[in-house]
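Participant: Input data-v3.csv, format and content: CSV, C-alpha atoms and all ligand atoms.
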chain,number,residue,atom,x,y,z
V,1,MET,CA,-66.5,60.4,67.3
V,2,ALA,CA,-64.5,57.4,66.0
V,3,LYS,CA,-64.2,54.4,68.3
V,4,PRO,CA,-60.8,53.8,69.8
V,5,LEU,CA,-58.8,50.8,68.6
V,6,ASN,CA,-55.8,50.3,70.9
V,7,VAL,CA,-52.5,49.5,69.1
V,8,GLY,CA,-49.6,47.6,70.6
V,9,ILE,CA,-46.6,47.8,68.3
V,10,ILE,CA,-43.6,45.5,68.6
V,11,GLY,CA,-40.3,46.9,67.1
V,12,TYR,CA,-39.2,50.4,66.7
V,13,GLY,CA,-37.1,50.4,63.6
V,14,PHE,CA,-37.8,51.9,60.1
V,15,MET,CA,-41.2,50.1,59.9
V,16,GLY,CA,-42.2,51.0,63.5
V,17,ARG,CA,-41.8,54.6,62.5
V,18,ALA,CA,-43.6,54.2,59.1
V,19,HIS,CA,-46.6,52.5,60.8
V,20,SER,CA,-46.7,54.9,63.8
V,21,ASN,CA,-46.8,57.8,61.4
V,22,ALA,CA,-49.7,56.2,59.6
V,23,TYR,CA,-51.7,55.6,62.8
V,24,ARG,CA,-51.3,59.2,63.8
V,25,LYS,CA,-52.3,60.6,60.5
V,26,VAL,CA,-55.1,58.4,59.2
V,27,ASN,CA,-58.1,59.9,60.9
V,28,HIS,CA,-57.1,63.4,59.8
V,29,PHE,CA,-57.5,62.4,56.2
V,30,PHE,CA,-60.0,59.5,56.2
V,31,ASP,CA,-63.5,59.4,57.7
V,32,LEU,CA,-63.4,56.1,59.6
V,33,GLU,CA,-65.4,54.4,62.3
V,34,TYR,CA,-62.3,53.5,64.2
V,35,ARG,CA,-59.4,55.6,65.5
V,36,PRO,CA,-56.0,54.0,66.3
V,37,VAL,CA,-54.8,54.8,69.8
V,38,LEU,CA,-51.1,54.4,70.4
V,39,LYS,CA,-51.3,52.4,73.5
V,40,ALA,CA,-48.0,50.6,73.9
V,41,VAL,CA,-44.6,50.1,72.2
V,42,CYS,CA,-42.6,47.0,72.9
V,43,ALA,CA,-38.8,46.6,72.5
V,44,ARG,CA,-36.2,44.7,74.4
V,45,SER,CA,-34.4,47.8,75.5
V,46,ALA,CA,-36.6,49.9,77.9
V,47,ASP,CA,-34.6,53.1,77.1
V,48,LYS,CA,-35.1,52.7,73.3
V,49,ALA,CA,-38.8,51.9,73.8
V,50,ARG,CA,-39.3,54.9,76.1
V,51,ALA,CA,-37.5,57.2,73.6
V,52,PHE,CA,-39.7,55.8,70.8
V,53,ALA,CA,-42.9,56.2,72.9
V,54,ASP,CA,-41.9,59.8,73.7
V,55,THR,CA,-41.3,60.7,70.0
V,56,TRP,CA,-44.5,59.1,68.7
V,57,GLY,CA,-46.8,59.5,71.6
V,58,TYR,CA,-47.3,55.9,72.8
V,59,GLU,CA,-48.9,55.8,76.2
V,60,SER,CA,-46.8,52.9,77.7
V,61,VAL,CA,-43.8,50.7,77.2
V,62,GLU,CA,-43.2,47.0,77.4
V,63,THR,CA,-40.0,45.0,77.1
V,64,ASP,CA,-41.6,41.6,76.7
V,65,TRP,CA,-43.9,41.0,73.8
V,66,ARG,CA,-45.6,38.1,75.6
V,67,LYS,CA,-46.8,40.6,78.2
V,68,LEU,CA,-48.0,43.0,75.5
V,69,VAL,CA,-50.1,40.4,73.6
V,70,GLU,CA,-51.8,39.4,76.9
V,71,ARG,CA,-52.7,42.9,77.8
V,72,LYS,CA,-56.5,43.4,78.0
V,73,ASP,CA,-56.3,47.0,76.9
V,74,ILE,CA,-54.7,46.1,73.5
V,75,ASP,CA,-56.9,45.4,70.5
V,76,LEU,CA,-54.3,45.2,67.7
V,77,ILE,CA,-50.8,43.9,67.6
V,78,ASP,CA,-48.5,45.3,65.0
V,79,VAL,CA,-45.5,43.1,64.3
V,80,CYS,CA,-42.5,45.1,63.1
V,81,THR,CA,-39.8,42.7,64.2
V,82,PRO,CA,-37.3,40.6,62.2
V,83,ASN,CA,-38.9,37.9,60.1
V,84,ASN,CA,-37.8,34.9,62.4
V,85,THR,CA,-40.1,36.3,65.2
V,86,HIS,CA,-43.3,36.9,63.2
V,87,ALA,CA,-44.8,33.5,63.6
V,88,GLU,CA,-44.3,33.1,67.3
V,89,ILE,CA,-45.7,36.6,68.0
V,90,ALA,CA,-48.6,36.2,65.6
V,91,LEU,CA,-49.6,32.8,67.0
V,92,ALA,CA,-49.6,34.2,70.5
V,93,ALA,CA,-51.5,37.3,69.5
V,94,ALA,CA,-54.2,35.2,67.7
V,95,ARG,CA,-54.5,33.0,70.9
V,96,ASN,CA,-55.2,36.2,72.7
V,97,GLN,CA,-57.8,37.3,70.2
V,98,LYS,CA,-55.9,40.3,69.0
V,99,MET,CA,-56.2,41.8,65.5
V,100,ILE,CA,-52.8,41.4,63.8
V,101,LEU,CA,-50.9,43.5,61.3
V,102,CYS,CA,-47.6,41.9,60.3
V,103,GLU,CA,-44.6,43.2,58.4
V,104,LYS,CA,-43.6,41.5,55.2
V,105,PRO,CA,-42.7,38.8,54.4
V,106,LEU,CA,-45.3,37.1,56.5
V,107,ALA,CA,-43.0,34.3,57.6
V,108,MET,CA,-39.7,32.5,57.1
V,109,ASN,CA,-41.3,30.0,54.8
V,110,GLY,CA,-44.6,28.7,53.5
V,111,GLU,CA,-45.0,26.1,56.3
V,112,GLN,CA,-44.8,28.8,59.0
V,113,ALA,CA,-47.1,31.1,57.0
V,114,ARG,CA,-49.6,28.3,56.8
V,115,GLN,CA,-49.7,27.9,60.6
V,116,MET,CA,-50.1,31.7,60.9
V,117,VAL,CA,-53.1,31.6,58.5
V,118,GLU,CA,-54.7,28.7,60.4
V,119,ALA,CA,-54.2,30.6,63.7
V,120,VAL,CA,-55.8,33.9,62.6
V,121,GLU,CA,-58.6,32.1,60.8
V,122,LYS,CA,-59.4,29.9,63.8
V,123,ALA,CA,-59.4,32.9,66.1
V,124,GLY,CA,-61.4,34.9,63.6
V,125,VAL,CA,-59.3,38.0,64.1
V,126,PRO,CA,-58.8,40.6,61.4
V,127,ASN,CA,-55.3,40.4,59.9
V,128,MET,CA,-53.2,42.0,57.2
V,129,VAL,CA,-49.6,42.1,55.9
V,130,TRP,CA,-47.8,45.3,55.2
V,131,TYR,CA,-47.3,45.0,51.5
V,132,ASN,CA,-47.6,48.7,51.3
V,133,TYR,CA,-46.8,49.3,47.6
V,134,ARG,CA,-50.3,48.2,46.6
V,135,ARG,CA,-51.5,51.4,48.1
V,136,VAL,CA,-49.3,53.8,46.2
V,137,PRO,CA,-52.0,55.6,44.2
V,138,ALA,CA,-50.3,55.0,40.8
V,139,VAL,CA,-49.9,51.2,41.6
V,140,THR,CA,-53.5,51.0,42.6
V,141,LEU,CA,-54.5,52.8,39.4
V,142,ALA,CA,-52.5,50.3,37.4
V,143,ARG,CA,-54.6,47.5,39.0
V,144,LYS,CA,-57.8,49.5,38.1
V,145,LEU,CA,-56.7,49.9,34.4
V,146,ILE,CA,-56.0,46.2,34.2
V,147,GLU,CA,-59.3,45.3,35.8
V,148,GLU,CA,-61.1,47.6,33.3
V,149,GLY,CA,-59.5,45.4,30.6
V,150,ARG,CA,-57.6,48.3,29.0
V,151,LEU,CA,-54.5,46.2,28.5
V,152,GLY,CA,-56.4,43.3,27.0
V,153,ARG,CA,-54.6,40.0,27.2
V,154,ILE,CA,-51.4,40.3,29.2
V,155,PHE,CA,-48.2,38.9,27.7
V,156,HIS,CA,-45.4,40.2,30.0
V,157,TYR,CA,-45.0,41.2,33.6
V,158,ARG,CA,-41.5,42.5,34.4
V,159,ALA,CA,-40.3,43.8,37.8
V,160,GLN,CA,-37.1,44.8,39.4
V,161,PHE,CA,-36.1,46.0,42.9
V,162,LEU,CA,-32.5,47.2,42.9
V,163,GLN,CA,-30.4,48.5,45.8
V,164,ASP,CA,-26.7,49.0,46.4
V,165,TRP,CA,-26.3,49.3,50.2
V,166,THR,CA,-24.6,46.0,50.9
V,167,ILE,CA,-21.7,46.1,48.4
V,168,SER,CA,-19.0,46.8,51.0
V,169,PRO,CA,-17.5,43.6,52.5
V,170,GLU,CA,-16.9,45.6,55.6
V,171,LEU,CA,-20.6,45.8,56.4
V,172,PRO,CA,-21.3,43.4,59.2
V,173,GLN,CA,-24.4,41.1,59.4
V,174,GLY,CA,-26.9,40.7,62.2
V,175,GLY,CA,-28.3,42.7,65.0
V,176,THR,CA,-30.3,45.9,64.9
V,177,ALA,CA,-30.7,47.4,61.5
V,178,LEU,CA,-28.5,44.7,59.9
V,179,TRP,CA,-30.6,41.6,60.6
V,180,ARG,CA,-31.7,41.6,57.0
V,181,LEU,CA,-28.2,40.3,56.2
V,182,ASP,CA,-28.4,37.5,58.7
V,183,ALA,CA,-30.2,34.4,57.3
V,184,ALA,CA,-31.2,33.2,60.8
V,185,ALA,CA,-33.2,36.3,61.3
V,186,ALA,CA,-34.3,37.1,57.8
V,187,GLY,CA,-34.8,33.7,56.2
V,188,SER,CA,-33.5,34.9,52.9
V,189,GLY,CA,-31.9,38.0,51.4
V,190,VAL,CA,-33.4,40.0,48.5
V,191,THR,CA,-35.9,37.3,47.7
V,192,GLY,CA,-37.9,37.6,51.0
V,193,ASP,CA,-37.1,41.3,51.5
V,194,LEU,CA,-37.5,42.9,48.1
V,195,LEU,CA,-38.9,40.3,45.6
V,196,ALA,CA,-41.6,39.6,48.1
V,197,HIS,CA,-43.0,43.1,47.3
V,198,CYS,CA,-42.7,42.6,43.6
V,199,ILE,CA,-44.4,39.2,43.8
V,200,ASP,CA,-47.2,40.6,46.0
V,201,THR,CA,-47.9,43.4,43.5
V,202,ALA,CA,-47.6,41.1,40.5
V,203,ARG,CA,-50.1,38.6,41.9
V,204,TRP,CA,-52.4,41.5,42.6
V,205,HIS,CA,-52.1,42.8,39.1
V,206,ASN,CA,-51.7,39.7,37.1
V,207,GLY,CA,-52.9,36.7,39.1
V,208,GLU,CA,-51.2,33.6,40.4
V,209,VAL,CA,-47.8,32.2,39.5
V,210,ASP,CA,-47.6,28.6,38.3
V,211,THR,CA,-43.9,27.8,37.8
V,212,VAL,CA,-40.6,29.5,38.4
V,213,THR,CA,-36.9,29.1,37.5
V,214,ALA,CA,-34.5,31.1,39.5
V,215,MET,CA,-30.8,31.9,40.2
V,216,THR,CA,-29.4,33.5,43.3
V,217,GLU,CA,-25.9,34.6,44.2
V,218,THR,CA,-24.1,35.6,47.4
V,219,PHE,CA,-21.3,37.9,46.4
V,220,VAL,CA,-19.8,38.5,49.8
V,221,LYS,CA,-19.4,35.0,51.3
V,222,GLU,CA,-18.4,36.0,54.9
V,223,ARG,CA,-19.1,38.9,57.1
V,224,LYS,CA,-18.5,39.8,60.7
V,225,HIS,CA,-21.6,38.9,62.8
V,226,ASN,CA,-22.6,41.7,65.1
V,227,LEU,CA,-24.0,39.3,67.7
V,228,THR,CA,-21.1,36.9,68.0
V,229,GLY,CA,-18.3,39.3,66.9
V,230,LYS,CA,-16.9,36.5,64.7
V,231,VAL,CA,-16.5,36.4,60.9
V,232,GLU,CA,-19.3,34.0,59.8
V,233,LYS,CA,-20.6,32.6,56.5
V,234,VAL,CA,-23.3,34.7,54.8
V,235,GLY,CA,-26.4,32.6,54.3
V,236,ILE,CA,-28.6,35.1,52.4
V,237,ASP,CA,-29.0,35.7,48.7
V,238,ASP,CA,-27.5,39.0,47.7
V,239,ALA,CA,-29.1,38.9,44.3
V,240,CYS,CA,-31.9,36.8,42.8
V,241,ALA,CA,-33.4,36.7,39.3
V,242,PHE,CA,-36.3,34.5,38.2
V,243,LEU,CA,-38.5,33.8,35.2
V,244,CYS,CA,-42.0,32.5,35.8
V,245,ARG,CA,-45.2,31.5,34.1
V,246,PHE,CA,-48.4,33.1,35.3
V,247,HIS,CA,-51.7,31.2,35.4
V,248,ASN,CA,-53.1,33.5,32.8
V,249,GLY,CA,-50.5,32.5,30.3
V,250,SER,CA,-48.3,35.5,30.6
V,251,LEU,CA,-44.5,35.4,31.2
V,252,GLY,CA,-42.8,37.0,34.2
V,253,ASN,CA,-39.3,38.3,34.6
V,254,PHE,CA,-38.1,39.4,38.0
V,255,GLU,CA,-34.8,40.7,39.4
V,256,SER,CA,-33.6,42.0,42.7
V,257,THR,CA,-30.1,42.8,44.0
V,258,ARG,CA,-28.4,44.9,46.7
V,259,TYR,CA,-25.4,45.2,44.4
V,260,ALA,CA,-26.7,47.5,41.7
V,261,ARG,CA,-24.4,50.5,42.3
V,262,GLY,CA,-26.3,53.7,41.9
V,263,HIS,CA,-29.7,52.4,42.8
V,264,LYS,CA,-31.1,53.0,46.3
V,265,ALA,CA,-34.6,51.5,46.0
V,266,LEU,CA,-35.4,51.3,42.4
V,267,TYR,CA,-38.6,49.2,42.3
V,268,THR,CA,-40.0,49.2,38.8
V,269,PHE,CA,-42.5,47.2,36.9
V,270,GLU,CA,-43.8,47.1,33.3
V,271,ILE,CA,-46.8,45.2,32.1
V,272,ASN,CA,-47.3,44.6,28.4
V,273,GLY,CA,-50.8,43.8,27.1
V,274,GLU,CA,-52.3,43.3,23.6
V,275,HIS,CA,-53.7,46.9,23.5
V,276,ALA,CA,-51.7,48.8,26.1
V,277,SER,CA,-48.7,48.8,28.4
V,278,ILE,CA,-48.1,50.3,31.9
V,279,ALA,CA,-44.9,51.2,33.6
V,280,TRP,CA,-44.1,52.4,37.1
V,281,ASP,CA,-41.0,53.5,39.0
V,282,LEU,CA,-40.8,53.9,42.8
V,283,HIS,CA,-38.3,56.8,42.4
V,284,ASP,CA,-41.1,58.7,40.6
V,285,LEU,CA,-43.9,57.0,42.5
V,286,HIS,CA,-46.7,59.5,41.8
V,287,ARG,CA,-46.5,58.9,38.0
V,288,LEU,CA,-47.9,56.0,36.0
V,289,GLU,CA,-46.6,55.6,32.4
V,290,TYR,CA,-49.3,54.4,30.0
V,291,PHE,CA,-49.1,53.5,26.3
V,292,ASP,CA,-52.3,52.8,24.4
V,293,HIS,CA,-52.0,51.4,20.9
V,294,ARG,CA,-55.6,52.4,20.2
V,295,ASP,CA,-54.7,56.1,20.3
V,296,PRO,CA,-54.6,57.7,16.8
V,297,GLY,CA,-51.2,57.1,15.2
V,298,VAL,CA,-50.2,60.8,15.0
V,299,ILE,CA,-50.4,61.3,18.7
V,300,ARG,CA,-49.6,57.7,19.9
V,301,GLY,CA,-46.9,57.5,22.5
V,302,TRP,CA,-46.2,56.9,26.2
V,303,ARG,CA,-48.1,59.3,28.4
V,304,SER,CA,-47.0,60.1,31.9
V,305,ILE,CA,-50.0,60.3,34.2
V,306,HIS,CA,-49.4,62.5,37.2
V,307,VAL,CA,-51.6,60.7,39.7
V,308,THR,CA,-52.9,63.6,41.8
V,309,ASP,CA,-56.5,64.0,40.7
V,310,PRO,CA,-59.4,63.3,43.0
V,311,ASP,CA,-60.9,60.7,40.7
V,312,GLN,CA,-57.6,58.7,41.0
V,313,PRO,CA,-57.2,56.2,43.8
V,314,TYR,CA,-57.0,57.8,47.3
V,315,MET,CA,-56.2,61.3,45.9
V,316,ASP,CA,-59.6,62.8,46.9
V,317,ARG,CA,-58.3,62.6,50.5
V,318,TRP,CA,-55.2,64.7,50.0
V,319,TRP,CA,-54.4,68.1,48.6
V,320,VAL,CA,-55.5,69.7,45.3
V,321,PRO,CA,-54.8,68.3,41.8
V,322,GLY,CA,-51.1,68.6,40.9
V,323,LEU,CA,-49.8,68.3,44.4
V,324,GLN,CA,-48.3,64.9,45.0
V,325,ILE,CA,-47.9,62.6,48.0
V,326,GLY,CA,-45.2,60.2,48.8
V,327,TYR,CA,-43.9,56.9,50.3
V,328,GLU,CA,-45.4,57.3,53.8
V,329,HIS,CA,-48.9,57.8,52.4
V,330,SER,CA,-49.0,54.2,51.2
V,331,PHE,CA,-49.0,53.1,54.9
V,332,VAL,CA,-51.7,55.7,55.8
V,333,HIS,CA,-53.9,54.2,53.0
V,334,GLN,CA,-53.2,50.7,54.2
V,335,VAL,CA,-54.3,51.6,57.8
V,336,ALA,CA,-57.4,53.4,56.4
V,337,ASP,CA,-58.4,50.3,54.3
V,338,PHE,CA,-57.8,48.0,57.3
V,339,LEU,CA,-59.9,50.1,59.6
V,340,ASP,CA,-62.6,50.4,57.0
V,341,GLY,CA,-62.5,46.6,56.6
V,342,VAL,CA,-62.9,46.1,60.3
V,343,ALA,CA,-65.9,48.4,60.4
V,344,ARG,CA,-67.5,46.7,57.5
V,345,GLY,CA,-66.5,43.2,58.5
V,346,LYS,CA,-64.7,42.8,55.1
V,347,PRO,CA,-61.0,42.2,55.5
V,348,ALA,CA,-58.6,44.4,53.6
V,349,GLU,CA,-56.1,42.6,51.4
V,350,PRO,CA,-53.4,41.3,51.6
V,351,THR,CA,-54.6,39.1,54.5
V,352,PHE,CA,-52.3,36.5,56.0
V,353,ARG,CA,-54.0,34.0,53.5
V,354,ASP,CA,-53.1,36.1,50.6
V,355,ALA,CA,-49.5,36.8,51.8
V,356,TYR,CA,-49.2,33.0,52.3
V,357,GLU,CA,-49.6,32.6,48.5
V,358,THR,CA,-46.7,35.1,48.1
V,359,GLN,CA,-44.7,33.1,50.6
V,360,LEU,CA,-45.2,29.9,48.5
V,361,VAL,CA,-43.8,31.7,45.4
V,362,LEU,CA,-40.8,32.8,47.5
V,363,ASP,CA,-40.3,29.2,48.6
V,364,ALA,CA,-40.5,28.0,45.0
V,365,VAL,CA,-38.0,30.6,43.8
V,366,LEU,CA,-35.5,29.7,46.5
V,367,GLN,CA,-36.0,25.9,45.9
V,368,SER,CA,-35.5,26.4,42.1
V,369,ALA,CA,-32.3,28.4,42.8
V,370,ARG,CA,-31.0,25.5,44.9
V,371,ASP,CA,-32.0,22.8,42.4
V,372,GLY,CA,-31.4,24.7,39.1
V,373,LYS,CA,-34.7,23.4,37.9
V,374,TRP,CA,-38.1,24.8,36.9
V,375,THR,CA,-40.3,24.5,40.1
V,376,LYS,CA,-44.0,24.4,40.5
V,377,VAL,CA,-45.4,26.8,43.1
V,378,ALA,CA,-47.3,24.9,45.7
V,379,GLN,CA,-51.0,25.5,46.1
V,380,GLY,CA,-52.1,27.2,49.3
C,1,LIG,C1,-34.7,47.1,52.5
C,1,LIG,O1,-33.7,48.0,52.4
C,1,LIG,C2,-36.1,47.7,52.5
C,1,LIG,O2,-36.2,48.6,53.6
C,1,LIG,C3,-37.2,46.7,52.6
C,1,LIG,O3,-37.1,45.9,53.9
C,1,LIG,C4,-38.5,47.3,52.5
C,1,LIG,O4,-39.6,46.4,52.6
C,1,LIG,C5,-38.6,48.1,51.2
C,1,LIG,O5,-39.8,48.7,51.0
C,1,LIG,C6,-37.5,49.1,51.1
C,1,LIG,O6,-36.2,48.4,51.3
Can you turn what I pasted into structure tokens?
Ligand code: SOE
Facilitator:
Amino acid sequence: MAKPLNVGIIGYGFMGRAHSNAYRKVNHFFDLEYRPVLKAVCARSADKARAFADTWGYESVETDWRKLVERKDIDLIDVCTPNNTHAEIALAAARNQKMILCEKPLAMNGEQARQMVEAVEKAGVPNMVWYNYRRVPAVTLARKLIEEGRLGRIFHYRAQFLQDWTISPELPQGGTALWRLDAAAAGSGVTGDLLAHCIDTARWHNGEVDTVTAMTETFVKERKHNLTGKVEKVGIDDACAFLCRFHNGSLGNFESTRYARGHKALYTFEINGEHASIAWDLHDLHRLEYFDHRDPGVIRGWRSIHVTDPDQPYMDRWWVPGLQIGYEHSFVHQVADFLDGVARGKPAEPTFRDAYETQLVLDAVLQSARDGKWTKVAQG
């Protein structure tokens, strides 16, 4: 029988649901030493917390996260709140010796992230950041192919994350669901929200980023603020594009926007190496496109690998070959890897320290956009 690991989750939005679903499913599909127990959900509104607890099966409800992180019956704190609250909660959770899982981006900026890294490392508590796309089997397979050297020297890493949900100037900023548009709560716009994913995956595939040059734009300059009721200046970036140089000598090209009409969550990447190329698209997440120049000329071409076979990452845990899985499974995989890491005393990536490096790239991108200059990424 797996040992219970008591979870206290803070926040009940989109990510609260994605994580809760993963906690509930993980032991049905993975053989693990630990079993998450949904002990408590915390939200400011008792009614909403109670409704969430009833839906997902949490045993209790808190309305003050400070009480939750002090509770003796909680082993793990899961931070699913807006970005401006991550640091304070994580520091308190570390002081209380809790394991911590934190939503991305880790913090509002590199300095905050550094304090969070120090706190979890000083406390010696397992920690991880929910950069879930690493655990989409096709994305994990891409990393495996790169590690095996199939691409050879890498020349280009290209990624985009395109959405279109904020085009209307009537959309307010701030408050539940719309805090991503409020700079005070989010820190930045698409840079921290979407490019953070692309950077995390890119660093995982292709190593560290040395320098960046970026531009950002805020297309809608003022929006009504849900918390004050007043029309206020918009402080987030609606779009961001940057070029970078990776440490391995390859060139990076990244773009994100919430103004790409027709695209809901089009996260794509393409990697070009001396022998082979790889491409992936979130809208078709179970496929990995692969081109290998070493194939005989008569049959050479892009092949579309349907990632559903048991010898492909994570797929031995699911159905039979040919039957695909989806977005929510990336979170199940992440919990499985975390619990496995706890059992083996070997932390699953990305830890806070790893996510801190991503935060430093985000800082450099935003700095470069302000200065209009190539900017060196600080060393963590
Ligand atoms: C924004 O719309 C968002 O929900 C991000 O916050 C998530 O991290 C991303 O995976 C999907 O888009």
Participant: Could you list, as a ChimeraX atom specification, all the residues within 8 Å of ligand LIG 1 (chain C), counting all atoms listed in the file?
Facilitator: /V:14,104,131-133,163,165,180,193-194,197,265
Participant: Pick out the residues sitting within 10 Å of Phe269 (chain V), and hand them over as a PyMOL selection string; count only C-alpha atoms, and ignore anything fewer than 6 positions along from it in its own chain.
Facilitator: chain V and resi 139+157-161+198+201-202+253-254+278-282
Participant: Just how far from CA of Thr63 (chain V) is CA of Val41 (chain V), in Å to one decimal?
Facilitator: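 Spanning CA of Val41 (chain V) to CA of Thr63 (chain V) is a straight-line distance of 8.4 Å.
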Participant: Rank V:Glu118, V:Glu289, V:Asp284, V:Glu274 by their smallest atom-to-atom distance to Gly380 (chain V), using only C-alpha atoms, and report the top residue only.
Facilitator: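 Using only C-alpha atoms, the shortest distance to Gly380 (chain V) belongs to V:Glu118.
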Participant: Extract, using all atoms listed in the file, all DNA, RNA and protein residues at most 10 Å from region 318-335 of chain V, discarding same-chain residues fewer than 3 positions from it, and format them as number ranges by chain.
Facilitator: V: 15, 17-27, 29-30, 36, 101, 128-137, 282-287, 306-311, 313-315, 338-341, 348-350
Participant: Filtering to C-alpha atoms, could you give me those residues as an mmCIF file, keeping the file's coordinate frame?
Facilitator:
data_model
loop_
_atom_site.group_PDB
_atom_site.id
_atom_site.type_symbol
_atom_site.label_atom_id
_atom_site.label_comp_id
_atom_site.auth_asym_id
_atom_site.auth_seq_id
_atom_site.Cartn_x
_atom_site.Cartn_y
_atom_site.Cartn_z
ATOM 1 C CA MET V 15 -41.200 50.100 59.900
ATOM 2 C CA ARG V 17 -41.800 54.600 62.500
ATOM 3 C CA ALA V 18 -43.600 54.200 59.100
ATOM 4 C CA HIS V 19 -46.600 52.500 60.800
ATOM 5 C CA SER V 20 -46.700 54.900 63.800
ATOM 6 C CA ASN V 21 -46.800 57.800 61.400
ATOM 7 C CA ALA V 22 -49.700 56.200 59.600
ATOM 8 C CA TYR V 23 -51.700 55.600 62.800
ATOM 9 C CA ARG V 24 -51.300 59.200 63.800
ATOM 10 C CA LYS V 25 -52.300 60.600 60.500
ATOM 11 C CA VAL V 26 -55.100 58.400 59.200
ATOM 12 C CA ASN V 27 -58.100 59.900 60.900
ATOM 13 C CA PHE V 29 -57.500 62.400 56.200
ATOM 14 C CA PHE V 30 -60.000 59.500 56.200
ATOM 15 C CA PRO V 36 -56.000 54.000 66.300
ATOM 16 C CA LEU V 101 -50.900 43.500 61.300
ATOM 17 C CA MET V 128 -53.200 42.000 57.200
ATOM 18 C CA VAL V 129 -49.600 42.100 55.900
ATOM 19 C CA TRP V 130 -47.800 45.300 55.200
ATOM 20 C CA TYR V 131 -47.300 45.000 51.500
ATOM 21 C CA ASN V 132 -47.600 48.700 51.300
ATOM 22 C CA TYR V 133 -46.800 49.300 47.600
ATOM 23 C CA ARG V 134 -50.300 48.200 46.600
ATOM 24 C CA ARG V 135 -51.500 51.400 48.100
ATOM 25 C CA VAL V 136 -49.300 53.800 46.200
ATOM 26 C CA PRO V 137 -52.000 55.600 44.200
ATOM 27 C CA LEU V 282 -40.800 53.900 42.800
ATOM 28 C CA HIS V 283 -38.300 56.800 42.400
ATOM 29 C CA ASP V 284 -41.100 58.700 40.600
ATOM 30 C CA LEU V 285 -43.900 57.000 42.500
ATOM 31 C CA HIS V 286 -46.700 59.500 41.800
ATOM 32 C CA ARG V 287 -46.500 58.900 38.000
ATOM 33 C CA HIS V 306 -49.400 62.500 37.200
ATOM 34 C CA VAL V 307 -51.600 60.700 39.700
ATOM 35 C CA THR V 308 -52.900 63.600 41.800
ATOM 36 C CA ASP V 309 -56.500 64.000 40.700
ATOM 37 C CA PRO V 310 -59.400 63.300 43.000
ATOM 38 C CA ASP V 311 -60.900 60.700 40.700
ATOM 39 C CA PRO V 313 -57.200 56.200 43.800
ATOM 40 C CA TYR V 314 -57.000 57.800 47.300
ATOM 41 C CA MET V 315 -56.200 61.300 45.900
ATOM 42 C CA PHE V 338 -57.800 48.000 57.300
ATOM 43 C CA LEU V 339 -59.900 50.100 59.600
ATOM 44 C CA ASP V 340 -62.600 50.400 57.000
ATOM 45 C CA GLY V 341 -62.500 46.600 56.600
ATOM 46 C CA ALA V 348 -58.600 44.400 53.600
ATOM 47 C CA GLU V 349 -56.100 42.600 51.400
ATOM 48 C CA PRO V 350 -53.400 41.300 51.600
#
Participant: Determine, counting all atoms listed in the file, which protein, DNA and RNA residues have an atom within 6 Å of an atom of region 359-369 of chain V; residues of the same chain fewer than 5 positions away are not included. Present the result as a PDB file with C-alpha atoms, in the coordinates of the input.
Facilitator:
ATOM      1  CA  GLY V 110     -44.600  28.700  53.500  1.00  0.00           C
ATOM      2  CA  THR V 213     -36.900  29.100  37.500  1.00  0.00           C
ATOM      3  CA  ALA V 214     -34.500  31.100  39.500  1.00  0.00           C
ATOM      4  CA  MET V 215     -30.800  31.900  40.200  1.00  0.00           C
ATOM      5  CA  THR V 216     -29.400  33.500  43.300  1.00  0.00           C
ATOM      6  CA  THR V 375     -40.300  24.500  40.100  1.00  0.00           C
ATOM      7  CA  VAL V 377     -45.400  26.800  43.100  1.00  0.00           C
TER       8      VAL V 377
END
